[in-house]
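Chemist: The following file, upload.cif, comprises mmCIF, C-alpha atoms:
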data_model
loop_
_atom_site.label_atom_id
_atom_site.label_comp_id
_atom_site.auth_asym_id
_atom_site.auth_seq_id
_atom_site.Cartn_x
_atom_site.Cartn_y
_atom_site.Cartn_z
CA MET A 1 -17.54 -43.92 -45.13
CA ALA A 2 -19.62 -44.87 -48.18
CA TYR A 3 -20.26 -41.17 -48.72
CA PHE A 4 -16.71 -40.69 -49.99
CA PHE A 5 -17.27 -43.08 -52.89
CA PHE A 6 -19.95 -40.75 -54.28
CA LEU A 7 -17.80 -37.61 -54.33
CA SER A 8 -17.50 -35.95 -57.72
CA ALA A 9 -14.30 -36.02 -59.75
CA GLU A 10 -13.81 -32.29 -59.09
CA THR A 11 -14.04 -32.85 -55.34
CA TRP A 12 -11.53 -35.68 -55.48
CA THR A 13 -9.22 -33.45 -57.48
CA LEU A 14 -9.52 -30.66 -54.91
CA LEU A 15 -8.88 -33.08 -52.04
CA ALA A 16 -5.83 -34.48 -53.80
CA ALA A 17 -4.55 -30.96 -54.47
CA LEU A 18 -5.13 -29.95 -50.83
CA ILE A 19 -3.32 -33.01 -49.50
CA THR A 20 -0.46 -32.39 -51.91
CA LEU A 21 -0.21 -28.75 -50.86
CA LEU A 22 -0.20 -29.71 -47.17
CA PHE A 23 2.52 -32.26 -47.80
CA VAL A 24 4.62 -29.79 -49.80
CA TYR A 25 4.09 -27.13 -47.10
CA SER A 26 5.18 -29.53 -44.36
CA CYS A 27 8.35 -30.45 -46.24
CA TRP A 28 9.15 -27.09 -47.87
CA THR A 29 12.05 -26.25 -45.53
CA TYR A 30 13.52 -29.75 -45.40
CA GLY A 31 16.02 -29.07 -48.16
CA THR A 32 17.62 -26.22 -46.19
CA PHE A 33 20.58 -28.10 -44.78
CA LYS A 34 21.16 -30.11 -47.94
CA ARG A 35 21.59 -26.81 -49.81
CA LEU A 36 23.96 -25.57 -47.11
CA GLY A 37 25.95 -28.81 -47.11
CA VAL A 38 25.17 -29.49 -43.45
CA PRO A 39 24.62 -33.11 -42.30
CA GLY A 40 21.90 -34.22 -39.93
CA PRO A 41 19.14 -36.73 -39.22
CA SER A 42 16.42 -37.09 -41.84
CA PRO A 43 13.16 -35.24 -41.09
CA ILE A 44 9.68 -36.64 -41.58
CA PRO A 45 6.69 -34.58 -42.79
CA PHE A 46 5.11 -32.24 -40.23
CA PHE A 47 7.28 -33.47 -37.32
CA GLY A 48 10.76 -32.85 -38.71
CA THR A 49 13.17 -34.58 -36.32
CA MET A 50 11.09 -33.90 -33.19
CA LEU A 51 10.10 -37.54 -32.72
CA LYS A 52 13.75 -38.16 -31.82
CA TYR A 53 13.08 -36.20 -28.63
CA ARG A 54 11.16 -39.20 -27.31
CA LYS A 55 14.49 -40.56 -26.10
CA GLY A 56 15.26 -37.22 -24.43
CA PHE A 57 16.67 -33.91 -25.65
CA PHE A 58 20.03 -34.63 -24.05
CA ASN A 59 20.39 -38.10 -25.52
CA PHE A 60 19.42 -36.83 -28.97
CA ASP A 61 21.93 -33.97 -28.79
CA GLU A 62 24.68 -36.32 -27.61
CA GLU A 63 23.89 -38.83 -30.37
CA CYS A 64 24.09 -36.11 -33.05
CA TYR A 65 27.27 -34.65 -31.54
CA LYS A 66 29.03 -38.01 -31.74
CA LYS A 67 27.76 -38.70 -35.25
CA TYR A 68 28.09 -35.31 -36.98
CA GLY A 69 30.77 -33.41 -35.07
CA LYS A 70 31.00 -29.60 -35.06
CA MET A 71 27.82 -28.79 -37.00
CA TRP A 72 24.54 -30.47 -37.92
CA GLY A 73 20.97 -29.55 -38.74
CA ILE A 74 17.69 -30.67 -37.18
CA PHE A 75 14.06 -29.65 -37.68
CA ASP A 76 11.60 -28.70 -34.94
CA GLY A 77 8.55 -29.30 -37.09
CA ARG A 78 9.23 -27.15 -40.15
CA GLN A 79 11.73 -24.90 -38.34
CA PRO A 80 15.37 -25.55 -39.33
CA VAL A 81 17.74 -25.47 -36.33
CA LEU A 82 21.49 -25.21 -36.96
CA CYS A 83 23.45 -26.92 -34.17
CA ILE A 84 26.98 -25.62 -33.60
CA THR A 85 29.71 -26.82 -31.21
CA ASP A 86 32.76 -25.07 -32.70
CA PRO A 87 34.11 -22.69 -30.00
CA ALA A 88 35.21 -20.02 -32.50
CA MET A 89 31.76 -19.88 -34.10
CA ILE A 90 30.08 -19.94 -30.70
CA LYS A 91 32.15 -16.95 -29.58
CA THR A 92 31.18 -15.02 -32.70
CA ILE A 93 27.48 -15.80 -32.32
CA LEU A 94 27.16 -15.25 -28.56
CA ILE A 95 29.67 -12.41 -28.16
CA LYS A 96 31.04 -10.66 -31.23
CA GLU A 97 27.86 -10.53 -33.32
CA CYS A 98 25.36 -10.65 -30.46
CA TYR A 99 24.06 -7.11 -30.92
CA SER A 100 24.32 -6.98 -34.70
CA PHE A 101 22.94 -10.37 -35.80
CA PHE A 102 22.18 -12.69 -32.86
CA THR A 103 20.44 -10.54 -30.24
CA ASN A 104 17.25 -12.55 -29.88
CA ARG A 105 16.30 -16.00 -28.71
CA ARG A 106 13.69 -18.10 -30.45
CA ASN A 107 10.22 -16.83 -29.63
CA PHE A 108 7.57 -19.55 -29.57
CA ARG A 109 4.82 -16.91 -29.20
CA LEU A 110 3.43 -18.86 -26.24
CA ASN A 111 4.59 -16.42 -23.58
CA GLY A 112 1.25 -14.81 -22.85
CA PRO A 113 1.60 -11.88 -20.44
CA LEU A 114 5.34 -12.54 -20.00
CA TYR A 115 6.16 -11.29 -23.50
CA ASP A 116 8.28 -8.48 -22.05
CA ALA A 117 10.29 -10.57 -19.56
CA VAL A 118 14.05 -10.12 -19.90
CA SER A 119 14.54 -13.70 -21.10
CA ILE A 120 11.99 -13.22 -23.90
CA ALA A 121 12.06 -9.53 -24.90
CA GLU A 122 13.80 -8.61 -28.15
CA ASP A 123 16.20 -5.99 -29.51
CA ASP A 124 15.90 -2.50 -27.99
CA GLN A 125 13.33 -3.55 -25.40
CA TRP A 126 15.62 -6.35 -24.20
CA ARG A 127 18.64 -3.99 -24.05
CA ARG A 128 16.69 -1.46 -22.01
CA ILE A 129 15.33 -4.03 -19.54
CA ARG A 130 18.66 -5.84 -19.23
CA SER A 131 20.53 -2.59 -18.53
CA VAL A 132 18.01 -1.75 -15.80
CA LEU A 133 18.24 -5.17 -14.15
CA SER A 134 22.02 -5.65 -14.33
CA PRO A 135 22.87 -3.35 -11.37
CA SER A 136 20.65 -5.55 -9.20
CA PHE A 137 23.23 -8.33 -9.46
CA THR A 138 26.42 -6.46 -8.57
CA SER A 139 28.56 -7.64 -5.64
CA GLY A 140 27.18 -4.88 -3.44
CA ARG A 141 23.61 -6.03 -3.99
CA LEU A 142 24.44 -9.72 -3.65
CA LYS A 143 25.99 -9.14 -0.23
CA GLU A 144 22.45 -8.44 0.95
CA VAL A 145 21.41 -12.03 0.17
CA HIS A 146 21.19 -13.86 3.49
CA PRO A 147 19.03 -16.96 3.08
CA SER A 148 18.88 -19.24 6.07
CA LEU A 149 17.94 -22.87 6.57
CA PRO A 150 16.67 -23.10 10.18
CA SER A 151 13.23 -24.27 9.10
CA LEU A 152 14.89 -27.13 7.24
CA TRP A 153 16.71 -28.57 10.24
CA ALA A 154 13.57 -30.03 11.81
CA PHE A 155 12.73 -31.50 8.43
CA SER A 156 16.16 -33.11 8.23
CA ASP A 157 16.24 -34.45 11.80
CA LYS A 158 13.54 -37.05 11.18
CA ASP A 159 16.13 -39.73 10.35
CA GLU A 160 14.29 -40.51 7.14
CA PRO A 161 15.45 -40.32 3.53
CA LEU A 162 15.06 -36.82 2.15
CA GLU A 163 13.47 -36.23 -1.21
CA LEU A 164 15.90 -33.52 -2.25
CA LYS A 165 13.56 -31.52 -4.48
CA GLU A 166 11.09 -31.30 -1.57
CA PHE A 167 13.99 -30.17 0.62
CA PHE A 168 15.52 -27.57 -1.72
CA GLY A 169 12.36 -26.52 -3.54
CA PRO A 170 10.88 -24.66 -0.54
CA TYR A 171 14.32 -23.22 0.27
CA SER A 172 14.68 -21.83 -3.27
CA MET A 173 11.15 -20.47 -3.20
CA ASP A 174 11.73 -18.75 0.15
CA VAL A 175 15.07 -17.28 -0.95
CA VAL A 176 13.68 -15.81 -4.16
CA THR A 177 10.51 -14.42 -2.63
CA SER A 178 12.20 -12.95 0.46
CA THR A 179 15.24 -11.53 -1.33
CA ALA A 180 13.56 -10.15 -4.42
CA PHE A 181 9.97 -9.58 -3.36
CA SER A 182 10.01 -8.98 0.44
CA VAL A 183 7.51 -11.82 0.84
CA ASP A 184 8.28 -14.30 3.66
CA ILE A 185 6.21 -17.40 3.03
CA ASP A 186 8.13 -20.21 4.82
CA SER A 187 6.89 -22.60 2.15
CA LEU A 188 8.40 -25.67 3.83
CA ASN A 189 6.27 -25.39 6.95
CA ASN A 190 3.35 -23.84 5.08
CA PRO A 191 3.16 -25.66 1.75
CA SER A 192 -0.40 -24.43 1.16
CA ASP A 193 0.49 -20.79 1.74
CA PRO A 194 -1.78 -18.67 -0.50
CA PHE A 195 1.07 -16.99 -2.34
CA VAL A 196 -1.38 -15.45 -4.78
CA THR A 197 -2.65 -13.20 -2.01
CA ASN A 198 0.83 -11.69 -1.79
CA ILE A 199 1.05 -10.78 -5.47
CA LYS A 200 0.67 -7.10 -4.67
CA LYS A 201 3.75 -7.27 -2.48
CA MET A 202 5.81 -8.26 -5.51
CA LEU A 203 6.11 -4.62 -6.47
CA LYS A 204 7.94 -3.98 -3.18
CA PHE A 205 11.05 -6.00 -4.03
CA ASP A 206 14.20 -5.10 -2.14
CA LEU A 207 16.38 -6.31 -5.01
CA PHE A 208 14.74 -4.50 -7.91
CA SER A 209 12.30 -1.82 -6.82
CA PRO A 210 14.34 1.40 -6.45
CA ILE A 211 16.23 0.90 -9.71
CA LEU A 212 13.28 -0.23 -11.81
CA LEU A 213 10.98 2.55 -10.72
CA ALA A 214 13.65 5.22 -11.10
CA VAL A 215 14.45 4.21 -14.68
CA GLY A 216 10.79 4.05 -15.57
CA LEU A 217 9.85 0.49 -16.47
CA THR A 218 6.12 0.06 -16.82
CA ASP A 219 4.17 -1.80 -14.14
CA HIS A 220 3.68 -4.67 -16.58
CA GLU A 221 7.41 -4.88 -17.34
CA ILE A 222 8.22 -4.89 -13.63
CA LEU A 223 5.71 -7.68 -12.96
CA SER A 224 7.08 -9.72 -15.88
CA GLN A 225 10.63 -9.50 -14.51
CA ALA A 226 9.34 -10.50 -11.08
CA MET A 227 7.54 -13.56 -12.39
CA ILE A 228 10.38 -14.76 -14.62
CA PHE A 229 12.81 -14.29 -11.72
CA LEU A 230 10.54 -16.36 -9.51
CA PHE A 231 10.08 -19.17 -12.04
CA ALA A 232 13.72 -19.30 -13.14
CA GLY A 233 15.16 -18.84 -9.66
CA TYR A 234 13.03 -21.57 -8.11
CA GLU A 235 13.61 -24.25 -10.75
CA THR A 236 17.29 -23.71 -11.48
CA THR A 237 18.44 -23.24 -7.89
CA SER A 238 16.54 -26.20 -6.45
CA SER A 239 17.59 -28.51 -9.29
CA SER A 240 21.25 -27.46 -9.14
CA LEU A 241 21.35 -27.96 -5.36
CA THR A 242 19.74 -31.38 -5.80
CA PHE A 243 22.38 -32.48 -8.32
CA LEU A 244 25.18 -31.01 -6.21
CA SER A 245 24.02 -32.86 -3.08
CA TYR A 246 23.80 -36.12 -5.03
CA ASN A 247 27.34 -35.63 -6.34
CA LEU A 248 28.64 -35.03 -2.82
CA ALA A 249 26.82 -38.03 -1.35
CA THR A 250 28.17 -40.36 -4.04
CA ASN A 251 31.69 -38.92 -3.70
CA PRO A 252 32.41 -38.85 0.06
CA ARG A 253 36.11 -38.01 -0.47
CA VAL A 254 35.11 -34.79 -2.22
CA MET A 255 32.54 -34.00 0.48
CA LYS A 256 35.09 -34.52 3.26
CA LYS A 257 37.59 -32.21 1.55
CA LEU A 258 34.90 -29.57 1.08
CA GLN A 259 33.85 -29.85 4.75
CA GLU A 260 37.47 -29.29 5.75
CA GLU A 261 37.47 -26.06 3.73
CA VAL A 262 34.13 -25.06 5.28
CA ASP A 263 35.45 -25.68 8.81
CA ALA A 264 38.67 -23.77 8.10
CA THR A 265 36.80 -20.80 6.64
CA PHE A 266 33.97 -20.67 9.21
CA PRO A 267 35.25 -22.44 12.37
CA ASN A 268 32.77 -23.60 15.02
CA LYS A 269 29.79 -23.08 12.70
CA ALA A 270 30.52 -19.36 12.53
CA PRO A 271 28.01 -17.20 10.61
CA ILE A 272 28.73 -17.19 6.90
CA GLN A 273 30.27 -13.98 5.58
CA TYR A 274 30.01 -13.02 1.90
CA GLN A 275 33.68 -12.05 1.42
CA GLU A 276 35.05 -15.28 2.89
CA LEU A 277 32.45 -17.35 1.02
CA MET A 278 33.58 -15.91 -2.32
CA GLN A 279 37.19 -16.89 -1.58
CA MET A 280 36.51 -20.62 -1.04
CA GLU A 281 38.45 -22.18 -3.91
CA TYR A 282 37.46 -25.82 -3.50
CA LEU A 283 33.79 -24.86 -3.16
CA ASP A 284 34.09 -23.15 -6.55
CA CYS A 285 35.64 -26.31 -8.01
CA VAL A 286 32.86 -28.52 -6.64
CA ILE A 287 30.04 -26.30 -7.91
CA ASN A 288 31.66 -25.83 -11.32
CA GLU A 289 32.09 -29.57 -11.75
CA SER A 290 28.49 -30.25 -10.74
CA LEU A 291 27.33 -27.64 -13.27
CA ARG A 292 29.48 -29.28 -15.92
CA LEU A 293 27.63 -32.53 -15.43
CA PHE A 294 24.23 -30.86 -15.06
CA PRO A 295 24.31 -27.40 -16.69
CA ILE A 296 21.59 -24.84 -16.01
CA ALA A 297 21.42 -24.05 -19.73
CA SER A 298 21.66 -27.35 -21.61
CA ARG A 299 20.74 -25.63 -24.90
CA LEU A 300 21.47 -22.06 -25.98
CA GLU A 301 19.51 -20.56 -28.86
CA ARG A 302 19.81 -17.41 -30.96
CA VAL A 303 18.03 -16.34 -34.17
CA ALA A 304 19.87 -14.72 -37.09
CA LYS A 305 18.34 -11.30 -37.81
CA ALA A 306 20.01 -11.23 -41.24
CA SER A 307 22.19 -13.52 -43.34
CA VAL A 308 25.75 -13.48 -42.02
CA GLU A 309 28.99 -15.27 -42.87
CA ILE A 310 30.93 -16.77 -39.98
CA ASN A 311 34.21 -18.59 -40.55
CA GLY A 312 33.33 -19.10 -44.22
CA PHE A 313 29.84 -20.45 -43.52
CA VAL A 314 26.74 -18.42 -44.38
CA ILE A 315 23.94 -18.56 -41.80
CA PRO A 316 20.67 -17.52 -43.51
CA LYS A 317 18.30 -14.91 -42.11
CA GLY A 318 15.75 -16.40 -39.71
CA MET A 319 17.86 -19.47 -38.93
CA VAL A 320 17.67 -20.69 -35.34
CA VAL A 321 21.20 -21.41 -34.12
CA MET A 322 21.46 -23.80 -31.18
CA VAL A 323 24.49 -24.57 -29.00
CA PRO A 324 24.02 -27.93 -27.20
CA THR A 325 26.08 -27.54 -24.03
CA TRP A 326 25.12 -30.96 -22.64
CA PRO A 327 27.24 -33.07 -25.05
CA MET A 328 30.04 -30.48 -25.07
CA HIS A 329 30.31 -30.77 -21.28
CA ARG A 330 30.66 -34.55 -21.61
CA ASP A 331 33.06 -34.87 -24.53
CA PRO A 332 35.79 -37.37 -23.49
CA GLU A 333 38.31 -35.63 -25.75
CA ILE A 334 37.87 -32.46 -23.71
CA TRP A 335 37.03 -33.93 -20.30
CA PRO A 336 38.82 -37.24 -19.53
CA GLU A 337 36.42 -39.66 -17.81
CA PRO A 338 33.56 -37.20 -18.39
CA GLU A 339 30.98 -39.14 -16.35
CA LYS A 340 33.11 -38.93 -13.20
CA PHE A 341 32.70 -36.15 -10.66
CA LYS A 342 36.20 -34.61 -10.44
CA PRO A 343 36.25 -31.06 -9.03
CA GLU A 344 40.01 -30.86 -9.61
CA ARG A 345 39.25 -30.16 -13.27
CA PHE A 346 38.50 -26.60 -12.14
CA SER A 347 41.51 -26.07 -9.89
CA LYS A 348 43.60 -22.93 -10.39
CA GLU A 349 46.13 -24.91 -12.40
CA ASN A 350 43.55 -26.45 -14.73
CA LYS A 351 40.96 -23.70 -14.99
CA GLU A 352 43.09 -21.56 -17.29
CA THR A 353 43.09 -24.32 -19.91
CA ILE A 354 39.27 -24.59 -20.07
CA ASP A 355 37.76 -22.93 -23.14
CA PRO A 356 34.95 -20.57 -21.96
CA TYR A 357 33.02 -21.42 -25.14
CA ILE A 358 32.95 -25.11 -24.31
CA TYR A 359 32.06 -24.81 -20.62
CA MET A 360 28.91 -22.66 -20.47
CA PRO A 361 26.56 -23.78 -17.67
CA PHE A 362 24.80 -20.39 -17.64
CA GLY A 363 25.27 -19.52 -21.29
CA ALA A 364 27.70 -16.84 -22.49
CA GLY A 365 27.78 -13.30 -23.78
CA PRO A 366 25.49 -10.31 -23.18
CA ARG A 367 22.43 -12.56 -23.19
CA ASN A 368 23.65 -15.13 -20.69
CA CYS A 369 21.67 -15.94 -17.53
CA ILE A 370 21.30 -12.59 -15.77
CA GLY A 371 20.78 -14.34 -12.42
CA MET A 372 23.99 -16.39 -12.66
CA ARG A 373 25.79 -14.67 -9.79
CA PHE A 374 22.66 -14.71 -7.62
CA ALA A 375 22.21 -18.45 -8.22
CA LEU A 376 25.85 -19.18 -7.37
CA VAL A 377 25.70 -17.16 -4.15
CA VAL A 378 22.51 -18.92 -3.04
CA MET A 379 23.97 -22.34 -3.85
CA LYS A 380 27.15 -21.58 -1.92
CA LEU A 381 25.28 -20.27 1.11
CA ALA A 382 23.01 -23.31 1.22
CA ILE A 383 25.65 -25.98 0.76
CA VAL A 384 28.07 -24.40 3.26
CA GLU A 385 25.38 -24.02 5.93
CA ILE A 386 24.31 -27.64 5.45
CA LEU A 387 27.87 -29.03 5.50
CA GLN A 388 28.64 -27.15 8.71
CA ARG A 389 26.12 -29.40 10.46
CA TYR A 390 25.52 -32.46 8.29
CA SER A 391 26.96 -34.85 5.76
CA PHE A 392 25.03 -36.14 2.77
CA SER A 393 24.76 -39.92 2.65
CA VAL A 394 23.31 -42.37 0.16
CA CYS A 395 20.66 -44.78 1.41
CA LYS A 396 18.80 -47.79 0.04
CA GLU A 397 16.30 -45.42 -1.61
CA THR A 398 19.08 -43.62 -3.53
CA GLU A 399 19.02 -44.48 -7.23
CA ILE A 400 22.63 -44.81 -8.50
CA PRO A 401 22.97 -43.75 -11.22
CA PHE A 402 19.67 -41.91 -11.52
CA GLU A 403 17.78 -41.57 -14.78
CA LEU A 404 17.12 -38.15 -16.28
CA ASP A 405 13.66 -37.14 -17.37
CA ILE A 406 13.18 -36.72 -21.11
CA GLN A 407 11.53 -33.31 -20.88
CA VAL A 408 13.20 -29.96 -21.62
CA PHE A 409 14.13 -29.09 -18.04
CA LEU A 410 17.08 -30.97 -16.64
CA GLN A 411 15.74 -33.03 -13.74
CA PRO A 412 15.71 -36.65 -12.57
CA LYS A 413 12.91 -38.92 -13.75
CA ARG A 414 12.31 -40.09 -10.19
CA PRO A 415 13.03 -38.01 -7.06
CA ILE A 416 16.58 -38.25 -5.70
CA LYS A 417 16.59 -39.38 -2.08
CA LEU A 418 19.48 -39.03 0.39
CA LYS A 419 20.03 -38.92 4.13
CA LEU A 420 21.42 -36.03 6.12
CA VAL A 421 23.73 -37.41 8.81
CA PRO A 422 24.58 -35.05 11.71
CA ARG A 423 28.31 -34.41 12.00
CA SER A 424 29.98 -35.53 15.18
#
Starting from the file, lay out its structure as structure tokens.
Modeler:
Amino acid sequence: MAYFFFLSAETWTLLAALITLLFVYSCWTYGTFKRLGVPGPSPIPFFGTMLKYRKGFFNFDEECYKKYGKMWGIFDGRQPVLCITDPAMIKTILIKECYSFFTNRRNFRLNGPLYDAVSIAEDDQWRRIRSVLSPSFTSGRLKEVHPSLPSLWAFSDKDEPLELKEFFGPYSMDVVTSTAFSVDIDSLNNPSDPFVTNIKKMLKFDLFSPILLAVGLTDHEILSQAMIFLFAGYETTSSSLTFLSYNLATNPRVMKKLQEEVDATFPNKAPIQYQELMQMEYLDCVINESLRLFPIASRLERVAKASVEINGFVIPKGMVVMVPTWPMHRDPEIWPEPEKFKPERFSKENKETIDPYIYMPFGAGPRNCIGMRFALVVMKLAIVEILQRYSFSVCKETEIPFELDIQVFLQPKRPIKLKLVPRS
């Protein structure tokens, strides 16, 4: 330490200049929203407003939504992020000007070999890959999805509390790998299955292969789509089924009504048929309400390719625009008693009044979640097959209400545990 006292005046001057430059660099963008007249929390050097995430992304978004209203600005480090909740602006950004100004998502440049996955690719490459993948999710293709839960029944018959993520995680993994990749791993009974040894089989997918190869995607592009489908399909499906099961267990009236619809549609535990499954109205209501409370996409992001004026407001080139769906899905002015699980919000009579740019569990527009229909079909198949045989029940290990983790992905801080009670 004493060494520093013997530095020359020139060295001290250079150090002071360097520190000043670093400070100015760290704060250079922090006047962005002041110039635009947009309110928001005050940033601190280097971190911006990111330290606020310590209380959780969702809590921070909800706090800002209540305080600032339709628009506010935050800083992820030095990066300005414009947060918008106005439905008209959201429609313009996600739909009307998607191809011209807001085609791309924010790219953190940390994607490694998945740089050409459909969720990450940009501009013409994204359009080409998306157009190739889209036919894989038509009704005709989705009718081929036939996941089954027989390996789960032994797991559920132990008369012990189920850790739902351990229950639905293997199911989601098996569904994605068998449907898309022709790899049957039975991950519940074989948790240490060396899935890596089956990587080569990934290029034999039933869902993608004929279309992708015919159109001419490169081997690397095909593998990237396979991996992103695996990662996204596993996490989103298992988490959504976990939240849905919790909502049913804590709302037995809703579960009973849904079981009545299940029994009427598929009497005597009849095999589940795609056409009849898609016509179950109350099942749709239940899933939609669960996704309102726990949306797949809790934040939607796009980057402005050029400066553009929307509803009298100029969004500068390079600005990250973020739509925080979490607080919008829980706004008491839009959803009375927003914390309550009320599937009737999505009944035929009420559904027409719901703004599609307020309720967006899978995003919206050309760049929404491409696997949305696949995820919904898998969720419906799983929950119907379970409710044919069992009822979800809370137990002493069930945390009510549960606490959400503060990380980016929407999941409980501690595992949700329920019991499966055989139906009489």
Chemist: Got a sec: who's within 12 Å of A:Pro401, counting all atoms listed in the file, leaving out chain neighbours fewer than 4 positions off, as JSON, numbers by chain?
Modeler: {"A": [243, 246, 247, 250, 339, 340, 394, 397, 412, 413, 414, 416, 417]}
Chemist: Can you spit out the residues from that selection as an mmCIF file, keeping the file's coordinate frame, using C-alpha atoms?
Modeler:
data_model
loop_
_atom_site.group_PDB
_atom_site.id
_atom_site.type_symbol
_atom_site.label_atom_id
_atom_site.label_comp_id
_atom_site.auth_asym_id
_atom_site.auth_seq_id
_atom_site.Cartn_x
_atom_site.Cartn_y
_atom_site.Cartn_z
ATOM 1 C CA PHE A 243 22.380 -32.480 -8.320
ATOM 2 C CA TYR A 246 23.800 -36.120 -5.030
ATOM 3 C CA ASN A 247 27.340 -35.630 -6.340
ATOM 4 C CA THR A 250 28.170 -40.360 -4.040
ATOM 5 C CA GLU A 339 30.980 -39.140 -16.350
ATOM 6 C CA LYS A 340 33.110 -38.930 -13.200
ATOM 7 C CA VAL A 394 23.310 -42.370 0.160
ATOM 8 C CA GLU A 397 16.300 -45.420 -1.610
ATOM 9 C CA PRO A 412 15.710 -36.650 -12.570
ATOM 10 C CA LYS A 413 12.910 -38.920 -13.750
ATOM 11 C CA ARG A 414 12.310 -40.090 -10.190
ATOM 12 C CA ILE A 416 16.580 -38.250 -5.700
ATOM 13 C CA LYS A 417 16.590 -39.380 -2.080
#
Chemist: Determine, counting only C-alpha atoms, which protein, DNA and RNA residues have an atom within 10 Å of an atom of A:Pro295; residues of the same chain fewer than 3 positions away are not included. Present the result as a ChimeraX atom specification.
Modeler: /A:236,240,243,288-292,298-299,325-326,329,359-363,410
Chemist: Got a sec to resolve the PyMOL selection byres ((chain A and resi 418) around 6) on this structure and send the residues as a list in words?
Modeler: Pro161, Leu162, Ser393, Val394, Cys395, Lys417 and Lys419 of chain A
Chemist: Closest to A:Phe392 among A:Met89, A:Leu244, A:Cys64, A:Ile315, using only C-alpha atoms?
Modeler: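 Result for the nearest residue to A:Phe392: A:Leu244.
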Chemist: Could you work out how far atom CA of A:Phe46 lies from atom CA of A:Ser119, giving the answer in Å with one decimal?
Modeler: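 Going from atom CA of A:Ser119 over to atom CA of A:Phe46, I get 28.3 Å.
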Chemist: How would you write, as a list in words, the residues chosen by the PyMOL selection byres ((chain A and resi 37) around 12) on this structure?
Modeler: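 Checking the PyMOL selection byres ((chain A and resi 37) around 12) against this file, the residues are Gly31, Thr32, Phe33, Lys34, Arg35, Leu36, Val38, Pro39, Gly40, Met71, Trp72, Gly73, Leu82, Phe313, Val314 and Ile315 of chain A.
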Chemist: Evaluate the PyMOL selection byres ((chain A and resi 371-384) around 7) here and jot the selected residues down as a count of residues only.
Modeler: 12
Chemist: Figure out the distance between atom CA of A:Ile296 and atom CA of A:Lys342, please, to one decimal in Å.
Modeler: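 So the two atoms, atom CA of A:Lys342 and atom CA of A:Ile296, lie 18.4 Å apart.
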Chemist: State, in Å with one decimal place, the distance from atom CA of A:Glu301 to atom CA of A:Pro366.
Modeler: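 Between these atoms lies a distance of 13.2 Å.
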Chemist: So that I can check the surroundings of A:Asp123, please list as a list in words every protein, DNA and RNA residue that reaches within 9 Å of it, counting all atoms listed in the file and ignoring chain neighbours fewer than 5 positions away.
Modeler: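 Residues near the query, excluding close chain neighbours: Tyr99, Thr103, Asn104 and Arg128 of chain A.
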Chemist: Would you kindly return, as a list in words, each protein, DNA or RNA residue with an atom no farther than 12 Å from any atom of A:Phe231, considering only C-alpha atoms and excluding same-chain residues fewer than 3 positions away?
Modeler: Leu114, Ala117, Ser119, Gly169, Ser172, Met173, Val176, Thr177, Ser224, Gln225, Ala226, Met227, Ile228, Tyr234, Glu235, Thr236, Thr237, Ser238 and Gly371 of chain A
Chemist: Counting only C-alpha atoms, which of A:Ala364, A:Ile272, A:Ile406, A:Ala17 gets nearest to A:Lys52?
Modeler: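 Under the stated criterion, the closest residue is A:Ile406.
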Chemist: I need the residue nearest A:Cys285 from this list: A:Met255, A:Ile120, A:Ile74, A:Ala88. Use all atoms listed in the file for the distance.
Modeler: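 Comparing A:Met255, A:Ile120, A:Ile74, A:Ala88 against A:Cys285, the winner is A:Met255.
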Chemist: Restricting the calculation to all atoms listed in the file: of A:Leu300, A:Gln273, A:Ser424, A:Glu160, which residue gets closest to A:Val320?
Modeler: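 Of A:Leu300, A:Gln273, A:Ser424, A:Glu160, the one nearest A:Val320 is A:Leu300, counting all atoms listed in the file.
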